[in-house]
Structure formats: structure tokens, C-alpha cells
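Here's the structure we're looking at; comments come further down.
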Amino acid sequence: MKMLCSSPSVSQLNPELLADITQALNADGSRLLILAKPLAQRDRVLSYGIQPRTKTPIEKNQLWQQLLHPQAPVTIQHGATVYPIDCIFDRSPLTPLFTAFRTAGIESLLILALGDRDRCVGCLTLFRSTARQEWRWTEAELQLAQTFGMQLYLAVMAQRVEQMFRDRLYRDLLTGLPNRLLLNQWLTFALAKMPGVGEVLVVILLNLDRFKHINDRLGHRSGDRLLQLTAERLQNTFGREATIGRWSGDEFALIIPTLDRISAVNEIAERILNCFDLPFNFDRRTQSSQHSLQLKASMGIAISTTPGEDSEVLLHQADAALHRAKDDGTNYEIYRAIDPPAIARLQLECVLDHVCAAITDRSIEDRNLLLHYQPQIDIQTGKIIGVEALLRCQDLQSEFINPSELIPIAEETGSIIQIGAWVIRTACNQNKIWQDRGWSHFPIAVNFSVKQLQDRHSIETILSILAETGLSPATLEIEITESIAIKDLDRTISILESLRKIGVKISLDDFGTGYSSLAALKYLPLDRLKIDRSFIRELRANTVDAGIVSTIVNLGHELQLNVVAEGVETIEQLEFLRSINCDAAQGFLFSRPMAAP
């Protein structure tokens, strides 16, 4: 009875689990069919206890097929169908199996489809033997069977989502090259095994110039084909000499682990540039018309001569060199102490000190920190159903600082506690102003950091801000990212439950980027899932991303969660999201983040 109180995990879909279910329902045998997902090799069948002996699996029978395909439904009560063997001829599809059931000593069947109105992932069948005095299942047993069926259904759906994430974890789906995660691992390994005697390791980041204009003018299909052709040329040029991967949208990375001299770096750079001497021709088989384009590329190069050097440092150097090459208009740049990280960090810390002092003195106004707001739109009605407050920070020269640079340092120094409280107070105050103007009472979402989750005064701070601004808790939404949620799951659950008790809404941001938290999803007290923009960026029908987004929406709805897609920029993306019944969308298609009106 080890699984009666919670849904089974992916690893528990085994004969032991089936035995527990069979015994809990007072059955003498059972079969669990898990249908093959699209493109998979075969269905999976587990069995326990007494079984009918048939030439083909009983699940191939017409009656089971009707259960598994909603377009040909049969009548089901309590989520299950019961058949006594004495009445089996009342169901003609079962007649051919009568002898097999009688020979096995089976008195009655309980058949349960695993799914909902729109999809089915399998079937649970239980048998009772002729040795029992009563072939019927009680009302309580039928309800328990239905509960088990939903638990199994959710477990299979979770498994399929998790497998999708694993499949795309290490490989770029468009080019087939290693992706950023695998490149990072290979670089760390290559640095660790450097002999350190006269050899150098080289990291090159390559960016295609003006690639956005190609996508805008010729379409994403042409852009995708160009990326594939670029990957092919790089592979044909270097073969096994280099590890080549797709670093991001229009960026590639090359890791060359065993150059015998630094002077060879320039030779490598020239070989890469030679890849772009000839125009790229699009074959008529993949394009509606012939295209011939001349591409240019910029490169940033970093060199390591020391075994065990930090891979992040080397990648940062290559990225800094790439930006210098772009700024200077040169083909490539070799890192030579460009923008030292220590200086940049000191500058950011100075900004944070200034900001925190201004918050303390209540003199911050709009010169240092400010919030921009981006609406969230109901996909079916087009109405605004929420707003996300996004932090913007200016340095001492009134230049905007990238939040991805500022927030990690604010976390490390602890200043994020003060800044986070300011963000919540400012957002709540703004929402109250909108409500007082007669606008709809939609929730305003603010991001919650790791430090705020760890802060023992966080709940008290939010209660104080709500009281101070007069905002209803139901119109405040706290967003946490998947990666933050799993760092200390027990504490996260405790904090979020406390927030829910006072009426604050909770959403899980960037869903899909922290695949390891999938098993923990059912324990988090959530109201909404926000699908990460990386899945929306290249979203088109009949793509892997489309399958993943559709599955996430279905999983969210099964868990009674509202699902929001981030980063929506095109009508095509919106129409696909509407077709799969995604609840809401947020992105440049509707509005860029902007100051409060």
C-alpha cells in the first residue's frame, strides 16, 4: 500500500506498483497498458496475477480499442467499466476472448481508460477469479480505481514531458550540433586534461552578421536553412580537429583543445573566415525559389595555456572579444584583457550601494530604480488579465543596466532584500492607483528571488506593504523561477503556502528550463505556470517546440493551473497557442514593457 496517498513517480511505473493497485482493489490479476507516444517503438504492457492466454494481447481487442480512442466511446460509470463473464456475450467484441477468460478462471473484468476527454495514454484492466463469491466491485472500489487511474495518467504525462526535456537537453534540434550545456561540459573536461606542456586550448564564439535582417526579409525558414548550412561548412572544414556547437540563436562555438602554438590561432581564424568566402545557395527542394546569399561573421577568441582553468572565465573572455570585434567592425578579436570583470563588478556594486542608500532615505524617485509594466492577455478574449512588473535600473550616468548582470550581484551582496521590498511596494502602489481609476482588478506580478525566499521576514514585509498600500492580496502575484523553487523545496513550499493563506497568488516562472523540478511540481502550491520564452521563440506548428508547449499546457490544466506563454512576438505563435487552449500570453506582440501610464 506504499503508493495510495500520492501520485506515483516516473520510476514507480513497475510491476510492484501494479501489484499494490491490484491488492488494494481486491483483484486477482491485472494488466497495465501504456500506449507508445508518437514516434516511439512500441506500447508497454505490465501484468500481475492471473492472466488470460491469448495469441495477441487482449488490448488489441475491439472493446479496448474503443476505450483508448475517444472518437468511438463506450459507456463508462465511475471512470471504469465492469463486465461479468456470464454476461460477456452481451458485449460482442469480448466474445472471442470468452474461452481464454474461462480457462484462466476469470469471473469478471474491470477496465479503466487512463486519460481525459481529449486523450488517452493507456488502460488498466483488473480481473477477479471464479474462486471469489462476489464478482462485483463496490462503489468505494470503483472510486478508488478512478483515483488510481488519474494518478497513473499524471505520472505518464510527467514522464513524457521529462523525456522531451532530456531529448533536447544536449543537442540543438535544428543543426544536430552540441548545444550550450554539452559544450560547457566538454570545455570543462578539455581544460582538465590539458597536458600543460606547450599546448594551448582555444575557444571561439562566432556570430553571423545581420542575421536578424535575413529572418525578417526572407523568413525563419530561410534563416533556419542558413544555420544548417553554416554548421555543415564548419564541420566539413574542421572535422575532428574541433568540437563545434550551436551556442545560441545565430552564434556558434568552437573548442580546439590541442594547438601546439599560439601563433596557430590566427591560422584557425582565417580558416573559419574562408568558410564564408563562397555564397550560400538554397536548394530548390527546400525553398520555393533559388536564393544565393553572401554571409559574413564576427568572432571572439579566448586562449588558455593553463590546465584546469575556469571554463566560465574563458567563455566570458571569448564573448567579450566577440563584442569588441562587433564594435570595431573587425572579423575577429583575440581576448586581451577586454573589459576586466573585476572593474565591471566594482562599478555595479557602486550602483547598488547608491540605490540602497536612496531606498533607505526614501529619495529614490525614478532616477535610479524604476518599474516597467508588461500586460498579460487572455488569448480567447483579448482582455488584460494581469500585469508583470519588471525592474529597471540606471547607473550613475543614467544608462540602463542589464538585469541579468545586476541581479546576481544584488543576490550575492544581500541588497536584493531592500530592492525586492521596494519593487513589491512600488508595484502594489501602482496597482492600487489603477484600481482607484476604475480599471479592472487584475493581479500585478513581481519576481521573488532566492534571498527573499530565505528571508524570515518576507511574509511580514508583504503583509506590511499590503496594509500600507491598501491593495487586496488577491491582486498581488509572486513569481518564482523553477530553478529557485527546487533549491530548498521544503522551505519554498512553506513560504508559498503562507502566501496563499493570506490570499496572494503564486506563479512558476520560466517553466521548462529547470526540468529536474518536474517531479516536485505537484507539491508546490501554485496558481499559474509561465512557459519559458525559449520554447516560444521558434514556435511553429508541427515542430518539437510545439509538442513540448502543447504538453506543458495539457499538464498545467490537469493540475488545475492557469498557463501563460511568455515571449509571444508573432501572430503565428498566438494562433498556435489559441489552438491548444493556452490561457494567456505575454510579449512584444501586445506590448513592450513600459512605464506606468
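How things are named: the first chain in the C-alpha cells is A, the next is B, and so on; residues count from 1 in each chain; ligands count from 1 in the order shown.
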- Task: Would you mind listing what lies within 9 Å of range 552-566 of chain A as a ChimeraX atom specification, with only C-alpha atoms counted and same-chain residues fewer than 4 positions away left out?
- Result: /A:154,157-158,161,376-378,507,510-512,522,526-536,547-548,577,580-587
Using N, CA and C atoms, can you write the selected residues to a file as a compact mmCIF listing (two decimals), in the first residue's frame?
```txt
# COMPACT_ATOMS: atom_id res chain seq x y z
N LEU A 154 -1.37 11.01 -14.76
CA LEU A 154 -0.48 12.14 -14.48
C LEU A 154 0.98 11.71 -14.48
N MET A 157 2.05 11.35 -18.14
CA MET A 157 2.21 12.67 -18.74
C MET A 157 3.48 13.35 -18.27
N ALA A 158 3.77 13.24 -16.96
CA ALA A 158 5.00 13.83 -16.42
C ALA A 158 6.23 13.19 -17.04
N VAL A 161 6.77 14.58 -20.59
CA VAL A 161 7.32 15.93 -20.59
C VAL A 161 8.80 15.88 -20.23
N GLN A 376 -0.48 41.00 -19.52
CA GLN A 376 -0.73 39.60 -19.84
C GLN A 376 -2.16 39.53 -20.39
N ILE A 377 -2.30 38.88 -21.54
CA ILE A 377 -3.55 38.95 -22.30
C ILE A 377 -4.25 37.60 -22.31
N ASP A 378 -5.55 37.59 -22.03
CA ASP A 378 -6.37 36.39 -22.20
C ASP A 378 -6.44 36.08 -23.70
N SER A 507 2.89 32.09 -9.02
CA SER A 507 3.14 31.54 -10.36
C SER A 507 4.56 31.01 -10.44
N ASP A 510 9.37 30.85 -16.00
CA ASP A 510 10.40 30.18 -16.81
C ASP A 510 10.24 28.67 -16.78
N PHE A 511 9.00 28.17 -16.76
CA PHE A 511 8.80 26.73 -16.68
C PHE A 511 9.36 26.03 -17.91
N GLY A 512 10.08 24.93 -17.67
CA GLY A 512 10.69 24.17 -18.74
C GLY A 512 12.20 24.26 -18.76
N LYS A 522 4.01 18.83 -8.37
CA LYS A 522 2.71 18.56 -7.74
C LYS A 522 2.66 19.02 -6.29
N LEU A 526 0.56 26.34 -6.37
CA LEU A 526 0.65 27.28 -7.48
C LEU A 526 -0.72 27.65 -8.03
N ASP A 527 -0.76 28.81 -8.67
CA ASP A 527 -1.94 29.22 -9.42
C ASP A 527 -1.70 29.21 -10.92
N ARG A 528 -0.43 29.50 -11.31
CA ARG A 528 -0.14 29.62 -12.74
C ARG A 528 1.23 29.04 -13.09
N LEU A 529 1.33 28.55 -14.32
CA LEU A 529 2.61 28.18 -14.93
C LEU A 529 2.90 29.18 -16.03
N LYS A 530 4.16 29.65 -16.12
CA LYS A 530 4.56 30.53 -17.20
C LYS A 530 5.59 29.78 -18.05
N ILE A 531 5.23 29.48 -19.29
CA ILE A 531 6.12 28.73 -20.18
C ILE A 531 7.28 29.62 -20.61
N ASP A 532 8.50 29.13 -20.45
CA ASP A 532 9.68 29.92 -20.75
C ASP A 532 9.70 30.35 -22.21
N ARG A 533 10.19 31.57 -22.45
CA ARG A 533 10.20 32.16 -23.79
C ARG A 533 11.07 31.36 -24.77
N SER A 534 12.03 30.55 -24.27
CA SER A 534 12.87 29.78 -25.17
C SER A 534 12.06 28.76 -25.98
N PHE A 535 10.92 28.30 -25.44
CA PHE A 535 10.06 27.37 -26.16
C PHE A 535 9.15 28.10 -27.16
N ILE A 536 8.93 29.41 -26.93
CA ILE A 536 8.03 30.18 -27.78
C ILE A 536 8.79 30.81 -28.94
N GLY A 547 5.20 20.55 -29.80
CA GLY A 547 4.81 19.39 -29.00
C GLY A 547 5.05 19.62 -27.52
N ILE A 548 6.19 20.23 -27.20
CA ILE A 548 6.51 20.48 -25.79
C ILE A 548 5.53 21.49 -25.19
N LEU A 577 -0.99 28.99 -29.97
CA LEU A 577 -1.33 28.94 -28.55
C LEU A 577 -2.85 28.91 -28.36
N ILE A 580 -4.29 25.37 -28.95
CA ILE A 580 -4.07 24.35 -27.91
C ILE A 580 -4.66 24.79 -26.56
N ASN A 581 -5.48 25.85 -26.59
CA ASN A 581 -6.20 26.32 -25.40
C ASN A 581 -5.28 26.82 -24.30
N CYS A 582 -4.13 27.41 -24.68
CA CYS A 582 -3.32 28.10 -23.68
C CYS A 582 -4.13 29.28 -23.16
N ASP A 583 -4.02 29.57 -21.87
CA ASP A 583 -4.91 30.56 -21.26
C ASP A 583 -4.53 32.00 -21.57
N ALA A 584 -3.23 32.33 -21.47
CA ALA A 584 -2.84 33.73 -21.59
C ALA A 584 -1.47 33.83 -22.26
N ALA A 585 -1.15 35.04 -22.71
CA ALA A 585 0.12 35.28 -23.40
C ALA A 585 0.67 36.64 -22.98
N GLN A 586 1.99 36.76 -23.12
CA GLN A 586 2.68 37.98 -22.75
C GLN A 586 3.85 38.14 -23.73
N GLY A 587 4.04 39.34 -24.26
CA GLY A 587 5.16 39.53 -25.17
C GLY A 587 5.02 40.77 -26.01
```
I need the residues in range 159-227 of chain A that are strand (DSSP E) according to DSSP; give them as a PDB file with N, CA and C atoms, in the first residue's frame.
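For reference, out-v4.pdb as written:
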```pdb
ATOM      1  N   VAL A 200      48.051  24.744 -26.227  1.00  0.00           N
ATOM      2  CA  VAL A 200      47.059  25.744 -25.857  1.00  0.00           C
ATOM      3  C   VAL A 200      45.680  25.242 -26.246  1.00  0.00           C
ATOM      4  N   LEU A 201      44.675  25.727 -25.542  1.00  0.00           N
ATOM      5  CA  LEU A 201      43.276  25.431 -25.859  1.00  0.00           C
ATOM      6  C   LEU A 201      42.623  26.728 -26.300  1.00  0.00           C
ATOM      7  N   VAL A 202      41.825  26.638 -27.358  1.00  0.00           N
ATOM      8  CA  VAL A 202      41.216  27.834 -27.936  1.00  0.00           C
ATOM      9  C   VAL A 202      39.695  27.692 -27.924  1.00  0.00           C
ATOM     10  N   VAL A 203      39.008  28.744 -27.497  1.00  0.00           N
ATOM     11  CA  VAL A 203      37.550  28.824 -27.566  1.00  0.00           C
ATOM     12  C   VAL A 203      37.189  29.983 -28.490  1.00  0.00           C
ATOM     13  N   ILE A 204      36.340  29.703 -29.471  1.00  0.00           N
ATOM     14  CA  ILE A 204      35.922  30.723 -30.431  1.00  0.00           C
ATOM     15  C   ILE A 204      34.400  30.819 -30.425  1.00  0.00           C
ATOM     16  N   LEU A 205      33.876  32.021 -30.253  1.00  0.00           N
ATOM     17  CA  LEU A 205      32.455  32.292 -30.421  1.00  0.00           C
ATOM     18  C   LEU A 205      32.272  33.030 -31.733  1.00  0.00           C
ATOM     19  N   LEU A 206      31.417  32.500 -32.603  1.00  0.00           N
ATOM     20  CA  LEU A 206      31.199  33.034 -33.947  1.00  0.00           C
ATOM     21  C   LEU A 206      29.763  33.510 -34.065  1.00  0.00           C
ATOM     22  N   ASN A 207      29.586  34.724 -34.543  1.00  0.00           N
ATOM     23  CA  ASN A 207      28.251  35.311 -34.706  1.00  0.00           C
ATOM     24  C   ASN A 207      28.038  35.702 -36.166  1.00  0.00           C
ATOM     25  N   LEU A 208      26.884  35.316 -36.727  1.00  0.00           N
ATOM     26  CA  LEU A 208      26.549  35.683 -38.105  1.00  0.00           C
ATOM     27  C   LEU A 208      26.066  37.134 -38.143  1.00  0.00           C
TER      28      LEU A 208
END
```
- Query: If you count only C-alpha atoms, which residues fall within 10 Å of range 302-316 of chain A, apart from same-chain ones fewer than 4 positions away, as a ChimeraX atom specification?
  - Reply: /A:184-205,253,255-257,261-262,265,320-322,333-336,341
If we count only C-alpha atoms and set the cut-off at 7 Å, which residues sit around range 46-56 of chain A, ignoring sequence neighbours fewer than 5 positions away in its own chain? Please answer as a PDB file with all heavy atoms, in the first residue's frame.
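This went into out_29.pdb:
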```
ATOM      1  N   PRO A  15       6.143  -3.387 -12.055  1.00  0.00           N
ATOM      2  CA  PRO A  15       5.254  -4.457 -11.579  1.00  0.00           C
ATOM      3  C   PRO A  15       4.894  -4.348 -10.105  1.00  0.00           C
ATOM      4  O   PRO A  15       3.791  -4.739  -9.696  1.00  0.00           O
ATOM      5  CB  PRO A  15       6.081  -5.725 -11.859  1.00  0.00           C
ATOM      6  CG  PRO A  15       6.952  -5.357 -13.016  1.00  0.00           C
ATOM      7  CD  PRO A  15       7.313  -3.923 -12.800  1.00  0.00           C
ATOM      8  N   LEU A  18       1.960  -2.101  -9.821  1.00  0.00           N
ATOM      9  CA  LEU A  18       0.758  -2.769 -10.308  1.00  0.00           C
ATOM     10  C   LEU A  18       0.242  -3.778  -9.281  1.00  0.00           C
ATOM     11  O   LEU A  18      -0.970  -3.916  -9.084  1.00  0.00           O
ATOM     12  CB  LEU A  18       1.060  -3.462 -11.640  1.00  0.00           C
ATOM     13  CG  LEU A  18      -0.129  -4.076 -12.368  1.00  0.00           C
ATOM     14  CD1 LEU A  18      -1.194  -3.034 -12.656  1.00  0.00           C
ATOM     15  CD2 LEU A  18       0.338  -4.733 -13.670  1.00  0.00           C
ATOM     16  N   ALA A  19       1.156  -4.471  -8.616  1.00  0.00           N
ATOM     17  CA  ALA A  19       0.753  -5.420  -7.573  1.00  0.00           C
ATOM     18  C   ALA A  19       0.039  -4.700  -6.432  1.00  0.00           C
ATOM     19  O   ALA A  19      -0.977  -5.174  -5.904  1.00  0.00           O
ATOM     20  CB  ALA A  19       1.978  -6.173  -7.050  1.00  0.00           C
ATOM     21  N   ASP A  28      -7.491 -10.267  -8.499  1.00  0.00           N
ATOM     22  CA  ASP A  28      -6.591 -11.421  -8.538  1.00  0.00           C
ATOM     23  C   ASP A  28      -5.585 -11.342  -9.681  1.00  0.00           C
ATOM     24  O   ASP A  28      -4.662 -12.158  -9.753  1.00  0.00           O
ATOM     25  CB  ASP A  28      -7.417 -12.706  -8.684  1.00  0.00           C
ATOM     26  CG  ASP A  28      -8.390 -12.861  -7.528  1.00  0.00           C
ATOM     27  OD1 ASP A  28      -7.925 -12.937  -6.374  1.00  0.00           O
ATOM     28  OD2 ASP A  28      -9.602 -12.865  -7.793  1.00  0.00           O
ATOM     29  N   GLY A  29      -5.753 -10.391 -10.558  1.00  0.00           N
ATOM     30  CA  GLY A  29      -4.825 -10.202 -11.660  1.00  0.00           C
ATOM     31  C   GLY A  29      -5.051  -8.840 -12.288  1.00  0.00           C
ATOM     32  O   GLY A  29      -6.097  -8.214 -12.070  1.00  0.00           O
ATOM     33  N   SER A  30      -4.062  -8.372 -13.053  1.00  0.00           N
ATOM     34  CA  SER A  30      -4.201  -7.048 -13.669  1.00  0.00           C
ATOM     35  C   SER A  30      -3.239  -6.907 -14.832  1.00  0.00           C
ATOM     36  O   SER A  30      -2.252  -7.635 -14.949  1.00  0.00           O
ATOM     37  CB  SER A  30      -3.928  -5.948 -12.637  1.00  0.00           C
ATOM     38  OG  SER A  30      -2.616  -6.103 -12.095  1.00  0.00           O
ATOM     39  N   ARG A  31      -3.553  -5.934 -15.696  1.00  0.00           N
ATOM     40  CA  ARG A  31      -2.686  -5.571 -16.815  1.00  0.00           C
ATOM     41  C   ARG A  31      -2.683  -4.050 -16.936  1.00  0.00           C
ATOM     42  O   ARG A  31      -3.743  -3.407 -16.841  1.00  0.00           O
ATOM     43  CB  ARG A  31      -3.186  -6.183 -18.130  1.00  0.00           C
ATOM     44  CG  ARG A  31      -3.109  -7.688 -18.164  1.00  0.00           C
ATOM     45  CD  ARG A  31      -3.767  -8.236 -19.428  1.00  0.00           C
ATOM     46  NE  ARG A  31      -3.057  -7.845 -20.628  1.00  0.00           N
ATOM     47  CZ  ARG A  31      -2.005  -8.517 -21.121  1.00  0.00           C
ATOM     48  NH1 ARG A  31      -1.545  -9.599 -20.481  1.00  0.00           N
ATOM     49  NH2 ARG A  31      -1.422  -8.130 -22.244  1.00  0.00           N
ATOM     50  N   LEU A  32      -1.485  -3.491 -17.120  1.00  0.00           N
ATOM     51  CA  LEU A  32      -1.345  -2.041 -17.305  1.00  0.00           C
ATOM     52  C   LEU A  32      -0.734  -1.806 -18.674  1.00  0.00           C
ATOM     53  O   LEU A  32       0.395  -2.205 -18.946  1.00  0.00           O
ATOM     54  CB  LEU A  32      -0.456  -1.435 -16.214  1.00  0.00           C
ATOM     55  CG  LEU A  32      -0.134   0.062 -16.361  1.00  0.00           C
ATOM     56  CD1 LEU A  32      -1.410   0.895 -16.328  1.00  0.00           C
ATOM     57  CD2 LEU A  32       0.828   0.527 -15.270  1.00  0.00           C
ATOM     58  N   LEU A  33      -1.496  -1.166 -19.563  1.00  0.00           N
ATOM     59  CA  LEU A  33      -1.021  -0.818 -20.894  1.00  0.00           C
ATOM     60  C   LEU A  33      -0.672   0.665 -20.928  1.00  0.00           C
ATOM     61  O   LEU A  33      -1.498   1.510 -20.576  1.00  0.00           O
ATOM     62  CB  LEU A  33      -2.112  -1.109 -21.931  1.00  0.00           C
ATOM     63  CG  LEU A  33      -1.903  -0.486 -23.320  1.00  0.00           C
ATOM     64  CD1 LEU A  33      -0.745  -1.155 -24.049  1.00  0.00           C
ATOM     65  CD2 LEU A  33      -3.175  -0.562 -24.152  1.00  0.00           C
ATOM     66  N   ALA A 100     -10.637 -17.920 -23.317  1.00  0.00           N
ATOM     67  CA  ALA A 100      -9.391 -17.567 -22.632  1.00  0.00           C
ATOM     68  C   ALA A 100      -9.665 -17.112 -21.201  1.00  0.00           C
ATOM     69  O   ALA A 100      -8.928 -17.452 -20.270  1.00  0.00           O
ATOM     70  CB  ALA A 100      -8.655 -16.475 -23.405  1.00  0.00           C
ATOM     71  N   PHE A 101     -10.748 -16.354 -21.005  1.00  0.00           N
ATOM     72  CA  PHE A 101     -11.097 -15.910 -19.660  1.00  0.00           C
ATOM     73  C   PHE A 101     -11.519 -17.096 -18.780  1.00  0.00           C
ATOM     74  O   PHE A 101     -11.091 -17.216 -17.621  1.00  0.00           O
ATOM     75  CB  PHE A 101     -12.233 -14.874 -19.713  1.00  0.00           C
ATOM     76  CG  PHE A 101     -11.822 -13.549 -20.284  1.00  0.00           C
ATOM     77  CD1 PHE A 101     -12.709 -12.806 -21.053  1.00  0.00           C
ATOM     78  CD2 PHE A 101     -10.562 -13.035 -20.062  1.00  0.00           C
ATOM     79  CE1 PHE A 101     -12.345 -11.581 -21.586  1.00  0.00           C
ATOM     80  CE2 PHE A 101     -10.190 -11.807 -20.591  1.00  0.00           C
ATOM     81  CZ  PHE A 101     -11.071 -11.084 -21.360  1.00  0.00           C
ATOM     82  N   ALA A 104      -8.616 -19.300 -17.738  1.00  0.00           N
ATOM     83  CA  ALA A 104      -7.772 -18.665 -16.715  1.00  0.00           C
ATOM     84  C   ALA A 104      -8.499 -18.538 -15.378  1.00  0.00           C
ATOM     85  O   ALA A 104      -7.904 -18.089 -14.399  1.00  0.00           O
ATOM     86  CB  ALA A 104      -7.316 -17.290 -17.195  1.00  0.00           C
TER      87      ALA A 104
END
```
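Nearest-residue note for Phe211 in chain A: choosing from A:Phe400, A:Phe148, A:Tyr153, A:Lys296, the minimum distance belongs to A:Lys296, counting only C-alpha atoms.
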- Task: Just list the residues in range 160-253 of chain A DSSP gives alpha helix (DSSP H) on the backbone, as an NGL selection string.
- Result: :A and (160-167 or 180-192 or 211-218 or 220-238)
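The coordinates place CA of Gly245 in chain A at 4.9 Å from CA of Leu177 in chain A.
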- Message: Which residues are near Leu352 in chain A? Cut-off 12 Å, only C-alpha atoms, ignore same chain within fewer than 4 positions. Put them as a ChimeraX atom specification.
- Response: /A:345-348,356-359,368-369,393-396,401,405-419
Resulting file, chosen residues, N, CA and C atoms, as a PDB file, in the first residue's frame:
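Writing the result to selection_7.pdb gives the following:
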```
ATOM      1  N   ARG A 345      32.452  44.637 -12.078  1.00  0.00           N
ATOM      2  CA  ARG A 345      31.766  44.276 -10.843  1.00  0.00           C
ATOM      3  C   ARG A 345      31.806  45.421  -9.831  1.00  0.00           C
ATOM      4  N   LEU A 346      32.956  46.063  -9.699  1.00  0.00           N
ATOM      5  CA  LEU A 346      33.070  47.193  -8.763  1.00  0.00           C
ATOM      6  C   LEU A 346      32.110  48.310  -9.147  1.00  0.00           C
ATOM      7  N   GLN A 347      31.963  48.533 -10.453  1.00  0.00           N
ATOM      8  CA  GLN A 347      31.035  49.565 -10.898  1.00  0.00           C
ATOM      9  C   GLN A 347      29.594  49.221 -10.526  1.00  0.00           C
ATOM     10  N   LEU A 348      29.225  47.946 -10.695  1.00  0.00           N
ATOM     11  CA  LEU A 348      27.866  47.528 -10.348  1.00  0.00           C
ATOM     12  C   LEU A 348      27.627  47.599  -8.850  1.00  0.00           C
ATOM     13  N   CYS A 356      20.627  51.414  -2.727  1.00  0.00           N
ATOM     14  CA  CYS A 356      20.147  51.035  -1.394  1.00  0.00           C
ATOM     15  C   CYS A 356      20.125  52.225  -0.449  1.00  0.00           C
ATOM     16  N   ALA A 357      21.103  53.118  -0.585  1.00  0.00           N
ATOM     17  CA  ALA A 357      21.102  54.327   0.234  1.00  0.00           C
ATOM     18  C   ALA A 357      19.902  55.197  -0.112  1.00  0.00           C
ATOM     19  N   ALA A 358      19.575  55.285  -1.392  1.00  0.00           N
ATOM     20  CA  ALA A 358      18.424  56.089  -1.817  1.00  0.00           C
ATOM     21  C   ALA A 358      17.121  55.489  -1.316  1.00  0.00           C
ATOM     22  N   ILE A 359      17.029  54.126  -1.314  1.00  0.00           N
ATOM     23  CA  ILE A 359      15.820  53.474  -0.800  1.00  0.00           C
ATOM     24  C   ILE A 359      15.654  53.785   0.685  1.00  0.00           C
ATOM     25  N   ASN A 368      17.051  56.208 -10.263  1.00  0.00           N
ATOM     26  CA  ASN A 368      17.911  55.053 -10.046  1.00  0.00           C
ATOM     27  C   ASN A 368      17.200  53.735 -10.357  1.00  0.00           C
ATOM     28  N   LEU A 369      16.097  53.504  -9.648  1.00  0.00           N
ATOM     29  CA  LEU A 369      15.273  52.319  -9.896  1.00  0.00           C
ATOM     30  C   LEU A 369      13.921  52.759 -10.434  1.00  0.00           C
ATOM     31  N   CYS A 393      17.045  49.444 -13.845  1.00  0.00           N
ATOM     32  CA  CYS A 393      17.988  50.171 -13.011  1.00  0.00           C
ATOM     33  C   CYS A 393      18.929  50.968 -13.895  1.00  0.00           C
ATOM     34  N   GLN A 394      19.209  52.216 -13.481  1.00  0.00           N
ATOM     35  CA  GLN A 394      20.136  53.067 -14.216  1.00  0.00           C
ATOM     36  C   GLN A 394      21.427  53.228 -13.421  1.00  0.00           C
ATOM     37  N   ASP A 395      22.563  53.269 -14.122  1.00  0.00           N
ATOM     38  CA  ASP A 395      23.827  53.515 -13.432  1.00  0.00           C
ATOM     39  C   ASP A 395      23.965  55.006 -13.145  1.00  0.00           C
ATOM     40  N   LEU A 396      25.122  55.396 -12.641  1.00  0.00           N
ATOM     41  CA  LEU A 396      25.302  56.790 -12.221  1.00  0.00           C
ATOM     42  C   LEU A 396      25.370  57.755 -13.400  1.00  0.00           C
ATOM     43  N   ILE A 401      21.100  49.337 -16.908  1.00  0.00           N
ATOM     44  CA  ILE A 401      21.929  48.167 -16.627  1.00  0.00           C
ATOM     45  C   ILE A 401      21.102  46.924 -16.908  1.00  0.00           C
ATOM     46  N   GLU A 405      22.843  41.132 -15.304  1.00  0.00           N
ATOM     47  CA  GLU A 405      24.138  41.453 -14.710  1.00  0.00           C
ATOM     48  C   GLU A 405      23.972  41.951 -13.277  1.00  0.00           C
ATOM     49  N   LEU A 406      22.920  42.720 -13.054  1.00  0.00           N
ATOM     50  CA  LEU A 406      22.740  43.371 -11.753  1.00  0.00           C
ATOM     51  C   LEU A 406      22.222  42.421 -10.679  1.00  0.00           C
ATOM     52  N   ILE A 407      21.194  41.608 -11.015  1.00  0.00           N
ATOM     53  CA  ILE A 407      20.522  40.790 -10.010  1.00  0.00           C
ATOM     54  C   ILE A 407      21.453  39.788  -9.326  1.00  0.00           C
ATOM     55  N   PRO A 408      22.312  39.042 -10.067  1.00  0.00           N
ATOM     56  CA  PRO A 408      23.198  38.099  -9.370  1.00  0.00           C
ATOM     57  C   PRO A 408      24.096  38.765  -8.326  1.00  0.00           C
ATOM     58  N   ILE A 409      24.589  39.964  -8.634  1.00  0.00           N
ATOM     59  CA  ILE A 409      25.434  40.662  -7.665  1.00  0.00           C
ATOM     60  C   ILE A 409      24.588  41.175  -6.499  1.00  0.00           C
ATOM     61  N   ALA A 410      23.379  41.625  -6.780  1.00  0.00           N
ATOM     62  CA  ALA A 410      22.480  42.045  -5.703  1.00  0.00           C
ATOM     63  C   ALA A 410      22.152  40.876  -4.784  1.00  0.00           C
ATOM     64  N   GLU A 411      21.990  39.672  -5.378  1.00  0.00           N
ATOM     65  CA  GLU A 411      21.756  38.470  -4.567  1.00  0.00           C
ATOM     66  C   GLU A 411      22.955  38.193  -3.666  1.00  0.00           C
ATOM     67  N   GLU A 412      24.135  38.255  -4.267  1.00  0.00           N
ATOM     68  CA  GLU A 412      25.346  37.910  -3.530  1.00  0.00           C
ATOM     69  C   GLU A 412      25.620  38.889  -2.391  1.00  0.00           C
ATOM     70  N   THR A 413      25.389  40.172  -2.625  1.00  0.00           N
ATOM     71  CA  THR A 413      25.659  41.181  -1.602  1.00  0.00           C
ATOM     72  C   THR A 413      24.530  41.316  -0.590  1.00  0.00           C
ATOM     73  N   GLY A 414      23.367  40.744  -0.885  1.00  0.00           N
ATOM     74  CA  GLY A 414      22.227  40.836   0.023  1.00  0.00           C
ATOM     75  C   GLY A 414      21.354  42.047  -0.203  1.00  0.00           C
ATOM     76  N   SER A 415      21.751  42.948  -1.107  1.00  0.00           N
ATOM     77  CA  SER A 415      20.964  44.155  -1.350  1.00  0.00           C
ATOM     78  C   SER A 415      19.641  43.852  -2.041  1.00  0.00           C
ATOM     79  N   ILE A 416      19.488  42.629  -2.553  1.00  0.00           N
ATOM     80  CA  ILE A 416      18.241  42.262  -3.217  1.00  0.00           C
ATOM     81  C   ILE A 416      17.054  42.303  -2.252  1.00  0.00           C
ATOM     82  N   ILE A 417      17.307  42.146  -0.953  1.00  0.00           N
ATOM     83  CA  ILE A 417      16.208  42.210   0.030  1.00  0.00           C
ATOM     84  C   ILE A 417      15.578  43.598   0.013  1.00  0.00           C
ATOM     85  N   GLN A 418      16.433  44.635   0.067  1.00  0.00           N
ATOM     86  CA  GLN A 418      15.910  46.001   0.025  1.00  0.00           C
ATOM     87  C   GLN A 418      15.274  46.310  -1.323  1.00  0.00           C
ATOM     88  N   ILE A 419      15.955  45.921  -2.382  1.00  0.00           N
ATOM     89  CA  ILE A 419      15.440  46.211  -3.718  1.00  0.00           C
ATOM     90  C   ILE A 419      14.133  45.470  -3.961  1.00  0.00           C
TER      91      ILE A 419
END
```
- Nearest to Glu468 in chain A among A:Ala445, A:Arg425, A:Leu181, A:Arg456, with distances taken over only C-alpha atoms: which residue is it? A:Arg425
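Among A:Ile433, A:Cys120, A:Leu489, A:Ile502, the residue with the shortest atom-to-atom distance to Leu463 in chain A, counting only C-alpha atoms, is A:Ile502.
Candidate residues A:Ala264, A:Ala131, A:Leu142, A:Ile478 were compared for distance to Arg102 in chain A, and the nearest is A:Ala131, using only C-alpha atoms.
Nearest to Tyr332 in chain A of all the residues A:Gln317, A:Ser298, A:Gln228, A:Thr381 is A:Ser298, based on only C-alpha atoms.
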